[in-house]
Structure formats: C-alpha cells, structure tokens
$ cat query31.pdb   # PDB, C-alpha atoms
ATOM      1  CA  MET A   8      78.759 241.995  47.033
ATOM      2  CA  GLN A   9      76.107 242.507  44.402
ATOM      3  CA  VAL A  10      72.890 240.530  44.204
ATOM      4  CA  ASP A  11      72.962 237.801  41.558
ATOM      5  CA  GLN A  12      69.600 238.097  39.782
ATOM      6  CA  GLN A  13      69.614 234.530  38.499
ATOM      7  CA  LYS A  14      70.324 233.110  41.962
ATOM      8  CA  SER A  15      67.805 235.531  43.476
ATOM      9  CA  ARG A  16      65.097 234.170  41.181
ATOM     10  CA  LYS A  17      66.010 230.575  42.054
ATOM     11  CA  LEU A  18      65.940 231.484  45.737
ATOM     12  CA  TYR A  19      62.510 233.017  45.382
ATOM     13  CA  GLU A  20      61.183 229.968  43.545
ATOM     14  CA  ALA A  21      62.531 227.601  46.193
ATOM     15  CA  LEU A  22      61.407 229.637  49.193
ATOM     16  CA  ILE A  23      57.949 230.527  47.883
ATOM     17  CA  ASN A  24      57.347 226.816  47.191
ATOM     18  CA  GLY A  25      58.038 225.940  50.814
ATOM     19  CA  GLN A  26      61.567 224.654  50.402
ATOM     20  CA  ALA A  27      64.319 225.154  52.926
ATOM     21  CA  VAL A  28      67.551 226.517  51.492
ATOM     22  CA  ASN A  29      70.333 224.536  53.134
ATOM     23  CA  GLU A  30      73.920 225.653  53.562
ATOM     24  CA  TYR A  31      75.084 222.399  51.979
ATOM     25  CA  VAL A  32      73.521 220.213  49.298
ATOM     26  CA  PHE A  33      74.313 216.660  48.278
ATOM     27  CA  LYS A  34      75.993 216.460  44.902
ATOM     28  CA  ASP A  35      77.608 213.403  43.328
ATOM     29  CA  SER A  36      78.981 211.688  46.419
ATOM     30  CA  GLY A  37      79.127 214.325  49.129
ATOM     31  CA  LEU A  38      77.960 217.582  50.622
ATOM     32  CA  VAL A  39      79.007 220.778  48.859
ATOM     33  CA  PRO A  40      78.283 224.438  49.647
ATOM     34  CA  ASN A  41      74.938 225.576  48.245
ATOM     35  CA  PRO A  42      75.409 228.644  46.018
ATOM     36  CA  LEU A  43      71.835 229.758  46.755
ATOM     37  CA  TYR A  44      72.503 229.765  50.496
ATOM     38  CA  GLU A  45      75.747 231.674  49.914
ATOM     39  CA  GLU A  46      73.835 234.257  47.853
ATOM     40  CA  LEU A  47      71.192 234.604  50.544
ATOM     41  CA  PHE A  48      73.640 234.811  53.428
ATOM     42  CA  SER A  49      75.928 237.299  51.650
ATOM     43  CA  ASN A  50      73.089 239.715  50.900
ATOM     44  CA  LEU A  51      70.769 238.993  53.804
ATOM     45  CA  ASP A  52      70.634 242.354  55.565
ATOM     46  CA  ARG A  53      71.445 244.402  52.508
ATOM     47  CA  TYR A  54      68.671 243.031  50.343
ATOM     48  CA  TYR A  55      66.812 239.784  51.091
ATOM     49  CA  ARG A  56      65.376 240.426  54.543
ATOM     50  CA  ASP A  57      63.571 243.569  53.329
ATOM     51  CA  LEU A  58      62.545 241.981  50.039
ATOM     52  CA  TYR A  59      60.682 239.110  51.700
ATOM     53  CA  SER A  60      59.254 241.352  54.403
ATOM     54  CA  ASN A  61      57.832 243.666  51.742
ATOM     55  CA  ILE A  62      55.967 240.789  50.119
ATOM     56  CA  GLY A  63      54.533 239.486  53.393
ATOM     57  CA  PHE A  64      57.055 236.909  54.561
ATOM     58  CA  GLU A  65      59.492 236.576  57.390
ATOM     59  CA  LEU A  66      62.851 235.283  56.212
ATOM     60  CA  VAL A  67      64.014 232.903  58.930
ATOM     61  CA  MET A  68      67.717 232.132  59.156
ATOM     62  CA  ARG A  69      68.669 229.164  61.296
ATOM     63  CA  ASP A  70      71.974 227.426  61.815
ATOM     64  CA  GLY A  71      72.731 226.014  58.373
ATOM     65  CA  PHE A  72      69.453 226.719  56.560
ATOM     66  CA  ALA A  73      66.816 229.337  55.775
ATOM     67  CA  TYR A  74      63.106 229.372  54.995
ATOM     68  CA  ILE A  75      60.240 231.827  54.818
ATOM     69  CA  ARG A  76      56.962 231.912  56.669
ATOM     70  CA  SER A  77      53.975 234.051  55.950
ATOM     71  CA  TYR A  78      52.967 236.766  58.349
ATOM     72  CA  ASN A  79      49.424 235.545  57.646
ATOM     73  CA  ALA A  80      49.752 231.757  57.963
ATOM     74  CA  ASP A  81      46.695 229.857  56.756
ATOM     75  CA  GLU A  82      45.368 226.355  57.378
ATOM     76  CA  SER A  83      47.176 224.835  54.378
ATOM     77  CA  GLN A  84      50.523 225.949  55.816
ATOM     78  CA  ASN A  85      49.630 224.431  59.195
ATOM     79  CA  ASP A  86      48.712 221.191  57.398
ATOM     80  CA  ALA A  87      52.099 221.118  55.656
ATOM     81  CA  VAL A  88      53.912 221.706  58.953
ATOM     82  CA  ARG A  89      51.911 218.918  60.598
ATOM     83  CA  LYS A  90      52.856 216.506  57.815
ATOM     84  CA  VAL A  91      56.549 217.403  58.021
ATOM     85  CA  GLN A  92      56.565 217.017  61.797
ATOM     86  CA  GLY A  93      54.676 213.725  61.606
ATOM     87  CA  LEU A  94      57.115 212.274  59.086
ATOM     88  CA  LEU A  95      60.128 213.393  61.092
ATOM     89  CA  LEU A  96      58.662 211.979  64.280
ATOM     90  CA  VAL A  97      57.945 208.609  62.679
ATOM     91  CA  LEU A  98      61.355 208.526  61.027
ATOM     92  CA  GLY A  99      63.347 209.440  64.139
ATOM     93  CA  ARG A 100      61.374 207.221  66.464
ATOM     94  CA  GLY A 101      61.401 204.319  64.014
ATOM     95  CA  VAL A 102      65.155 204.405  63.435
ATOM     96  CA  THR A 103      65.967 204.418  67.140
ATOM     97  CA  GLU A 104      63.361 201.787  68.023
ATOM     98  CA  LEU A 105      64.903 199.459  65.442
ATOM     99  CA  GLY A 106      68.199 199.780  67.328
ATOM    100  CA  TYR A 107      70.054 202.107  64.962
ATOM    101  CA  GLN A 108      72.004 205.129  66.119
ATOM    102  CA  PHE A 109      70.266 208.442  65.378
ATOM    103  CA  GLU A 110      73.321 209.439  63.290
ATOM    104  CA  LEU A 111      72.090 207.047  60.611
ATOM    105  CA  LEU A 112      69.653 209.842  59.715
ATOM    106  CA  THR A 113      72.296 212.571  59.552
ATOM    107  CA  ASP A 114      75.371 210.919  58.044
ATOM    108  CA  PRO A 115      75.456 211.659  54.289
ATOM    109  CA  ASN A 116      77.392 208.432  53.727
ATOM    110  CA  ALA A 117      74.833 206.283  55.548
ATOM    111  CA  GLY A 118      71.156 207.285  55.539
ATOM    112  CA  VAL A 119      67.987 205.268  55.873
ATOM    113  CA  SER A 120      67.381 202.633  53.212
ATOM    114  CA  LEU A 121      64.031 201.711  51.705
ATOM    115  CA  GLU A 122      64.211 198.432  53.616
ATOM    116  CA  ILE A 123      64.490 200.273  56.936
ATOM    117  CA  LEU A 124      61.661 202.597  55.926
ATOM    118  CA  GLU A 125      59.531 199.528  55.237
ATOM    119  CA  GLN A 126      60.346 198.100  58.664
ATOM    120  CA  ILE A 127      59.441 201.400  60.321
ATOM    121  CA  SER A 128      56.166 201.539  58.384
ATOM    122  CA  GLN A 129      55.055 198.208  59.812
ATOM    123  CA  GLY A 130      54.681 199.567  63.337
ATOM    124  CA  ASP A 131      51.035 200.133  64.283
ATOM    125  CA  ASP A 132      51.909 203.291  66.202
ATOM    126  CA  LYS A 133      53.737 204.662  63.141
ATOM    127  CA  GLN A 134      50.734 203.913  60.928
ATOM    128  CA  GLU A 135      48.494 205.757  63.382
ATOM    129  CA  ILE A 136      50.719 208.848  63.292
ATOM    130  CA  LEU A 137      50.842 208.807  59.490
ATOM    131  CA  ALA A 138      47.057 208.427  59.320
ATOM    132  CA  ALA A 139      46.523 211.250  61.839
ATOM    133  CA  CYS A 140      48.694 213.498  59.670
ATOM    134  CA  ASP A 141      46.728 212.471  56.545
ATOM    135  CA  LEU A 142      49.809 210.858  55.009
ATOM    136  CA  LYS A 143      48.467 208.189  52.691
ATOM    137  CA  GLY A 144      50.622 205.844  50.647
ATOM    138  CA  GLY A 145      53.241 204.871  53.214
ATOM    139  CA  LEU A 146      56.410 206.311  54.626
ATOM    140  CA  ALA A 147      58.833 206.192  51.676
ATOM    141  CA  PRO A 148      56.642 207.978  49.093
ATOM    142  CA  ASN A 149      55.778 210.705  51.602
ATOM    143  CA  ILE A 150      59.399 211.241  52.550
ATOM    144  CA  ASP A 151      60.159 211.776  48.880
ATOM    145  CA  LYS A 152      57.076 213.901  48.220
ATOM    146  CA  ILE A 153      57.223 216.052  51.355
ATOM    147  CA  LEU A 154      60.659 215.996  52.975
ATOM    148  CA  GLY A 155      62.646 215.649  49.758
ATOM    149  CA  LYS A 156      60.638 218.270  47.908
ATOM    150  CA  ARG A 157      61.040 220.774  50.758
ATOM    151  CA  GLY A 158      64.796 220.283  51.201
ATOM    152  CA  ILE A 159      64.347 218.674  54.616
ATOM    153  CA  ALA A 160      65.897 215.387  53.493
ATOM    154  CA  PHE A 161      67.843 214.199  50.469
ATOM    155  CA  GLN A 162      68.852 210.931  48.897
ATOM    156  CA  ASN A 163      72.550 210.122  48.959
ATOM    157  CA  ALA A 164      74.526 208.225  46.306
ATOM    158  CA  LYS A 165      73.213 204.919  47.712
ATOM    159  CA  GLY A 166      69.608 206.098  47.398
ATOM    160  CA  ASN A 167      69.229 206.282  51.186
ATOM    161  CA  TRP A 168      67.440 209.179  52.890
ATOM    162  CA  VAL A 169      69.482 211.630  54.973
ATOM    163  CA  LEU A 170      68.249 214.656  56.898
ATOM    164  CA  SER A 171      69.494 218.017  55.666
ATOM    165  CA  ASN A 172      70.370 220.849  58.055
ATOM    166  CA  ALA A 173      66.680 221.776  58.027
ATOM    167  CA  GLY A 174      65.586 218.251  58.980
ATOM    168  CA  ASN A 175      68.262 217.885  61.608
ATOM    169  CA  ALA A 176      67.182 221.195  63.210
ATOM    170  CA  PHE A 177      63.822 219.652  64.119
ATOM    171  CA  PHE A 178      65.584 217.058  66.264
ATOM    172  CA  SER A 179      68.136 219.529  67.634
ATOM    173  CA  GLU A 180      65.302 221.651  68.974
ATOM    174  CA  LEU A 181      63.476 218.592  70.242
ATOM    175  CA  PHE A 182      66.576 217.229  71.989
ATOM    176  CA  SER A 183      67.540 220.615  73.451
ATOM    177  CA  GLY A 184      64.046 220.877  74.961
ATOM    178  CA  VAL A 185      64.558 217.496  76.619
ATOM    179  CA  THR A 186      67.961 218.379  78.069
ATOM    180  CA  ASN A 187      66.896 221.842  79.212
ATOM    181  CA  SER A 188      63.777 220.755  81.081
TER     182      SER A 188
END

$ encode --input "query31.pdb" --output "structure tokens"
Amino acid sequence: MQVDQQKSRKLYEALINGQAVNEYVFKDSGLVPNPLYEELFSNLDRYYRDLYSNIGFELVMRDGFAYIRSYNADESQNDAVRKVQGLLLVLGRGVTELGYQFELLTDPNAGVSLEILEQISQGDDKQEILAACDLKGGLAPNIDKILGKRGIAFQNAKGNWVLSNAGNAFFSELFSGVTNS
C-alpha cells in the first residue's frame, strides 16, 4: 500500500498537536472506522515509525489508538498529561460515585450528559482535584477543551461525552493494575 500524502499531512497535524488517532470515530449516529488510523496502521513499519522517529518522536501504537511522545519531554507536556489524567480521574470517579455503571462513559449511545457533569463538579473532592491540576472553569468546559480536542473523548448525537479508545485505555490500564496486584 502506498502512503496517502493528504492523510499523512492530516495525521501529522493531529499527532503534533497532541491528539490521539483512534481506530474509530463518531460520525452521525455511530462509530465508524477512522481513515487516518487505517492509513497509519497500514504503513506503520514501512513509513510512519521511522518518519516520527527521525523528527524526535516515538510513535506509540496501543490497542485501538495511536499517539506520539517526544523523546525530550518538557514541562508543558507533563502539565498536559496531568490535566488529562485529572479530568479522567474526576470523570470516572464521579460517574461511579453517582451510582452509574462505568459503561456510561464508554457506550457511544449513552455517554455522560451535561447534567451529570454538573453533579460531579459539585463534589468538594472533585473540585480539589481540578484545582490541583490547574483546571479552571469547571468540568464540562475542560472536557471539551482538553479531552475532546485531544481525541480522548467525543460528543455523541445526544451531545453526551463518551470516552474514545484513547480515553478508555487510561481506565483499562488502571483497572488491570488493580486486578494484577
């Protein structure tokens, strides 16, 4: 398979701006295969792995998504990671503490509504985590600005927030650490 230059440019733009490239994206009313992920996966060893390595990045392929990380990570990247982790922690903890099944976060037909986000935001412990991560303005705007922008979560047809493969991987790793200890 030959590299598609147009898709390669879109991949570069997404990855260099800190976005995860997910295997599936939400379109209209459901998940569909992401052509950028297909391009990346099809040409990974033949082209993309070396390309990103040559410009100072490690191309990380995980189950269902990909991202890049700099070989020379700086403080701003650590700050972004801290914010993502803080939001995911607050979101996951908040959903389960309100009595919802965790799958509410991962089902593209369900998702977390703005009303639920508001309820989560009211918890003092959640406000402390958001403040410690320097996340001003509340939960919903930061989910949009940080998780949505980075491809870690998306809004479904109802306008509810759902974790992408990249967002779900955070919890998979967290849960596997709990069961393996």

$ closest_residue --input "query31.pdb" --among "A:Leu96, A:Leu66, A:Gln26, A:Val119" --to "Leu137 of chain A" --atoms "all atoms listed in the file"
A:Leu96

$ resolve_selection --input "query31.pdb" --expression "the PyMOL selection byres ((chain A and resi 154-166) around 10)" --output "PyMOL selection string"
chain A and resi 21-22+24-29+32-38+72+74+90-92+94-95+112-121+148-153+167-177

$ closest_residue --input "query31.pdb" --among "A:Glu110, A:Asp86, A:Asp70, A:Glu20" --to "Leu142 of chain A" --atoms "all atoms listed in the file"
A:Asp86

$ atom_distance --input "query31.pdb" --atom1 "atom CA of Ser179 of chain A" --atom2 "atom CA of Arg89 of chain A"
17.7 Å

$ atom_distance --input "query31.pdb" --atom1 "atom CA of Leu146 of chain A" --atom2 "atom CA of Val97 of chain A"
8.5 Å

$ closest_residue --input "query31.pdb" --among "A:Asp52, A:Glu65, A:Asp132, A:Glu45" --to "Leu98 of chain A" --atoms "all atoms listed in the file"
A:Asp132

$ closest_residue --input "query31.pdb" --among "A:Ala73, A:Leu58, A:Leu111, A:Gly93" --to "Ala138 of chain A" --atoms "all atoms listed in the file"
A:Gly93

$ residues_around --input "query31.pdb" --residues "Arg16 of chain A" --least-positions-apart "4" --cutoff "12 Å" --atoms "only C-alpha atoms" --output "number ranges by chain"
A: 10-12, 20-23, 43, 46-47, 55
